[in-house]
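In what follows, a single structure is set out as structure tokens and then discussed.
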Amino acid sequence: MPVTYELLWQASPPAWRQSAAAWRELAASGARRALELASGAVALAAAWSGAGADAAVSRLRRLRDELEAGRLAQLETAGILVEYAAAIETAKARLAAAVRAAETAGLAVDRSGLVVAAGPVPGSLAVGAASPDGMATPTGLPDSARAVAGEIEAALAAARVADTEAATRLGELSRAADSGWESTPPGYRPGPAATPAANRAWWDSLTPAQRRWLLRHEPTLTGGLDGLPVAARDLANRVLLDLALEAARLGLPVDGFRSGGPSTGVSLSSADLRGGLPAGSAYARDPALIASLERLADQVSPGTEPPRYLVRFDPSRDGRAVVAVGDPDRSEAVVTCVPGMTSDLASFGGELDRAARVAEHATELDPARRTAAVLWLDYDAPDFVVEAASEQQARDAAPALHRFQEGLRAGHEGEPARQTVLGHSYGSLVAGVTARDHGLDADGLVLLASPGAGVSHAADLGLPEVWAGTSITDPIQRVPVSPISALTDAVVASGVPGLGPALAFGQPEDGLWLGRNPADPDFGARVFATEADAGHLGYWDRGGTALDTLSRITLGLGPS
């Protein structure tokens, strides 16, 4: 059935999301049954021996394997439906904006999607109109009518593309139910030196069944390859998160369940972990680790709206994760948020909420444009001030951020997205050092509450746009001063009777420990206003000037 004006206007994205939720519940039910089968196989093998026992255990394990393969296919189905709902929602927003533009211009849109002169035109309808497919702009109307007609056609075209893609992918899954969910891929795997573009080319060379095999059997590889589709990496990393959480509950090491680690080529389940425990063994459980993993699982719950994608996962040490709010591969604007000092899995939820607010407000500003926000915590953030006074951890993080941004570009579908990197506090130094030493695939860089970006001038970053903002009440621009600035302040404070301390310490420093203050006009960035009372974390307050500016920069609009 063709996508018509009528169908698009009446389409209900929430209904598709409800269908996706039903598929996710089916997948969860399958996972529970697979665990029961696997646990039963372990118990059976312990209590029964011989050829019959071997056959029974083998059969149970095959059934478990089929259920687990089907679970990934069911989650893939849910993902397709969620992506389709988002695309249709954006197309509907664009259609509604076109109809509003017609009304503003004194025009109307009739039942066929035709732009007509306002007034008692036979067959004309109100905003909720429906029409058959096809439309044309009548002669004798102003250029504004042609512009509105073009927007309506663009909305319909976007909906048709989404409809065709979803139908194609769902059709493949339907056929795979008969032919088999998975098939073993060729032996080649991309190495650490492979570029994100090469990773994507390798992935595109595989069949859907081969990709499913890799996601289930080699999640440590596929979950960590920059350039692969975000939706695919999300599936692999959810497998790893499930395994890490079960291992932590059993008191087993979790370091091996990280994306980007060595590929074992072995598919595990929770029951496999349990079955590997010697009888009567006692293991030390880490309640803090378990709690942080459970929080992460809640934060990326499949039912969250907009959908969240677990793009990278590493439970070792303080923990690392990369989570996208919205699908970066299908968005027209993507902002990568790099958090600062003390960031880890324990504090991940607050950082993710702040990143999500940028995308949320960007969608409010332009509902017809899909925006995604990524919280990038794939580095060892400083835990102490003495660590934050050094570039070392920023230099260590820079290669990964460089590759990640290139991977966003390589994995994107359709026209290139506007990519923005937003570094907060020490995260701004990570972004600056990345741009300085490796290059940063971004159209804009925001240095927010920055202690310095590792350069003395914005031009040294080599980016089209560099923005900076720091609240007057943020201690970041007074505490981490460079030795020269500290010496100058001391001289002024002691040398000017009465007013010395106020002159020395009453204004933001232009020379910070990690470079010139990006919010200083001489740095050369585009400085934007923030709330005077923002402190160090108030930049994301809803309704605030700073949040509005961050979202507008993400869209490429700049401050209002």
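Residues in the structure tokens are numbered from 1 in each chain, the chains being A, B, ... in the order shown, and ligands are numbered from 1 in the order shown.
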Give me, as a Markdown table, each residue of range 17-101 of chain A that comes within 12 Å of range 202-210 of chain A, together with its shortest interatomic pair and the distance in Å at one decimal, counting only C-alpha atoms, with rows ordered by chain and rising residue number.
| residue | atom | partner | partner_atom | distance |
| --- | --- | --- | --- | --- |
| A:Ala69 | CA | A:Ala209 | CA | 10.2 |
| A:Gly70 | CA | A:Ala209 | CA | 11.4 |
| A:Leu72 | CA | A:Ala209 | CA | 11.0 |
| A:Ala73 | CA | A:Ala209 | CA | 9.6 |
| A:Glu76 | CA | A:Pro208 | CA | 10.7 |
Check your understanding: Contacts of Asp327 in chain A at 8 Å or less, counting only C-alpha atoms, minus same-chain residues fewer than 2 places along, as number ranges by chain?
Key -> A: 83, 230-231, 307-309, 324-325, 329-331, 372
**Study point:** Contact residues around Val446 in chain A with only C-alpha atoms at 9 Å, ignoring same-chain residues under 3 positions, as an NGL selection string
**Key:** :A and (420-424 or 428 or 431 or 465-469 or 550 or 553)
Since we have the selection now, will you write its residues out, keeping N, CA, C and O atoms, as a short mmCIF file (atom, residue, chain, number, x, y, z; two decimals), in the first residue's frame?
data_model
loop_
_atom_site.label_atom_id
_atom_site.label_comp_id
_atom_site.auth_asym_id
_atom_site.auth_seq_id
_atom_site.Cartn_x
_atom_site.Cartn_y
_atom_site.Cartn_z
N THR A 420 28.20 17.36 16.67
CA THR A 420 28.71 18.30 17.67
C THR A 420 29.30 17.51 18.82
O THR A 420 28.75 16.48 19.22
N VAL A 421 30.41 17.96 19.35
CA VAL A 421 30.99 17.38 20.56
C VAL A 421 30.89 18.42 21.67
O VAL A 421 31.28 19.57 21.49
N LEU A 422 30.33 17.99 22.81
CA LEU A 422 30.15 18.87 23.96
C LEU A 422 30.98 18.31 25.11
O LEU A 422 30.65 17.27 25.67
N GLY A 423 32.07 18.98 25.45
CA GLY A 423 32.91 18.55 26.55
C GLY A 423 32.68 19.40 27.76
O GLY A 423 32.74 20.64 27.70
N HIS A 424 32.37 18.76 28.88
CA HIS A 424 32.11 19.49 30.12
C HIS A 424 33.26 19.28 31.10
O HIS A 424 33.71 18.15 31.31
N SER A 428 36.01 18.67 28.48
CA SER A 428 36.36 19.64 27.44
C SER A 428 37.85 19.54 27.09
O SER A 428 38.24 19.76 25.94
N ALA A 431 38.16 16.55 24.76
CA ALA A 431 37.77 16.92 23.40
C ALA A 431 38.82 17.80 22.74
O ALA A 431 39.15 17.62 21.56
N GLU A 465 33.61 25.33 14.02
CA GLU A 465 32.96 26.10 15.08
C GLU A 465 33.52 25.68 16.43
O GLU A 465 33.60 24.48 16.72
N VAL A 466 33.89 26.63 17.24
CA VAL A 466 34.27 26.37 18.63
C VAL A 466 33.48 27.33 19.50
O VAL A 466 33.55 28.55 19.32
N TRP A 467 32.71 26.76 20.44
CA TRP A 467 31.88 27.53 21.34
C TRP A 467 32.39 27.35 22.77
O TRP A 467 32.96 26.31 23.11
N ALA A 468 32.16 28.33 23.61
CA ALA A 468 32.58 28.24 25.01
C ALA A 468 31.61 29.00 25.90
O ALA A 468 31.06 30.03 25.51
N GLY A 469 31.39 28.44 27.08
CA GLY A 469 30.54 29.10 28.05
C GLY A 469 30.87 28.62 29.46
O GLY A 469 31.07 27.42 29.67
N LEU A 550 22.80 25.22 24.13
CA LEU A 550 23.43 23.94 23.79
C LEU A 550 22.60 23.19 22.76
O LEU A 550 23.15 22.59 21.82
N ILE A 553 22.94 24.98 19.35
CA ILE A 553 24.23 24.67 18.71
C ILE A 553 24.20 23.28 18.12
O ILE A 553 24.71 23.03 17.01
#
Check your understanding: Can you list, as a list in words, every residue of range 513-544 of chain A that DSSP puts in helix (DSSP H, G or I)?
Key ->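 Of range 513-544 of chain A, the ones in helix (DSSP H, G or I) are Pro521, Asp522, Phe523, Gly538, Tyr539 and Trp540 of chain A.
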Take the residues that were just selected and, keeping C-alpha atoms, output them as a short mmCIF file (atom, residue, chain, number, x, y, z; two decimals), in the first residue's frame.
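File produced: part_21.cif:
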data_model
loop_
_atom_site.label_atom_id
_atom_site.label_comp_id
_atom_site.auth_asym_id
_atom_site.auth_seq_id
_atom_site.Cartn_x
_atom_site.Cartn_y
_atom_site.Cartn_z
CA PRO A 521 37.36 36.49 24.45
CA ASP A 522 41.05 36.37 23.51
CA PHE A 523 40.80 32.56 23.16
CA GLY A 538 23.40 24.02 36.35
CA TYR A 539 23.93 24.36 32.61
CA TRP A 540 21.30 21.70 31.89
#
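The gap separating CA of Arg61 in chain A from CA of Ala41 in chain A is 6.8 Å, in Å to one decimal.
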Review point. If you run DSSP on this backbone, which residues of range 507-543 of chain A come out as strand (DSSP E or B), and could you give them as a list of chain:residue names?
Key: A:Gly511, A:Leu512, A:Gly515, A:Arg516, A:Arg526, A:Val527
Tell me, as a short mmCIF file (atom, residue, chain, number, x, y, z; two decimals) with N, CA and C atoms, in the first residue's frame, which residues lie within 8 Å of range 382-391 of chain A, counting only C-alpha atoms; anything in the same chain fewer than 4 positions away does not count.
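Output saved as around.cif:
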data_model
loop_
_atom_site.label_atom_id
_atom_site.label_comp_id
_atom_site.auth_asym_id
_atom_site.auth_seq_id
_atom_site.Cartn_x
_atom_site.Cartn_y
_atom_site.Cartn_z
N GLY A 340 33.18 14.90 32.74
CA GLY A 340 34.47 15.24 33.33
C GLY A 340 34.84 14.42 34.55
N MET A 341 35.54 15.05 35.46
CA MET A 341 36.14 14.42 36.63
C MET A 341 35.12 13.64 37.45
N THR A 342 35.53 12.48 37.95
CA THR A 342 34.79 11.55 38.81
C THR A 342 33.68 10.79 38.07
N SER A 343 33.56 10.94 36.76
CA SER A 343 32.53 10.22 36.02
C SER A 343 32.87 8.73 35.98
N ARG A 395 44.99 12.67 27.17
CA ARG A 395 45.77 12.11 26.06
C ARG A 395 45.48 10.62 25.88
N TYR A 426 36.53 18.53 32.77
CA TYR A 426 37.70 17.83 32.23
C TYR A 426 37.39 17.21 30.87
N LEU A 429 38.67 19.19 28.08
CA LEU A 429 40.09 18.97 27.79
C LEU A 429 40.27 17.72 26.94
N GLY A 454 43.77 22.59 26.29
CA GLY A 454 45.05 22.11 25.82
C GLY A 454 45.66 22.95 24.71
N PRO A 480 41.58 26.24 39.02
CA PRO A 480 42.71 25.60 38.34
C PRO A 480 43.55 26.58 37.53
N TRP A 513 45.12 26.26 34.25
CA TRP A 513 46.23 25.31 34.35
C TRP A 513 46.40 24.52 33.05
N LEU A 514 45.29 24.24 32.37
CA LEU A 514 45.32 23.36 31.20
C LEU A 514 45.15 24.13 29.90
#
**Study point:** Within 10 Å of Ile152 in chain A using only C-alpha atoms, minus same-chain residues under 5 positions, as a list in words
**Key:**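 Counting only the stated atoms, we get Tyr5, Ala91, Lys92, Arg94, Leu95, Ala96, Ala97, Ala98, Val99, Val109, Gly113, Leu114, Val115, Met135, Arg146, Ala147 and Ala157 of chain A.
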Review point. To one decimal place, how far is CA of Asp234 in chain A from CA of Leu310 in chain A in Å?
Key: 4.6 Å
Practice item. Using only C-alpha atoms, pick whichever of A:Gly407, A:Gly427, A:Gly558, A:Pro475 has the shortest atom-to-atom distance to Asp533 in chain A. Key: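 Checking each of A:Gly407, A:Gly427, A:Gly558, A:Pro475 against Asp533 in chain A, counting only C-alpha atoms, the winner is A:Pro475.
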Practice item. To one decimal in Å, tell me the separation between CA of Arg200 in chain A and CA of Ser316 in chain A. Key: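 Pair CA of Arg200 in chain A / CA of Ser316 in chain A returns 27.0 Å.
Counting only C-alpha atoms, the residue from A:Thr304, A:Thr371, A:Thr434, A:Thr473 that sits nearest to Gln18 in chain A is A:Thr304.
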Check your understanding: Could you pull the residues within 12 Å of Ala534 in chain A, counting only C-alpha atoms, minus those fewer than 6 positions along the same chain, as a PyMOL selection string?
Key -> chain A and resi 448-449+469-476+540-542+544-547
Review point. Taking only C-alpha atoms into account, which of A:Ala117, A:Arg212, A:Ala145, A:Asp366 comes nearest Gln74 in chain A?
Key: A:Arg212
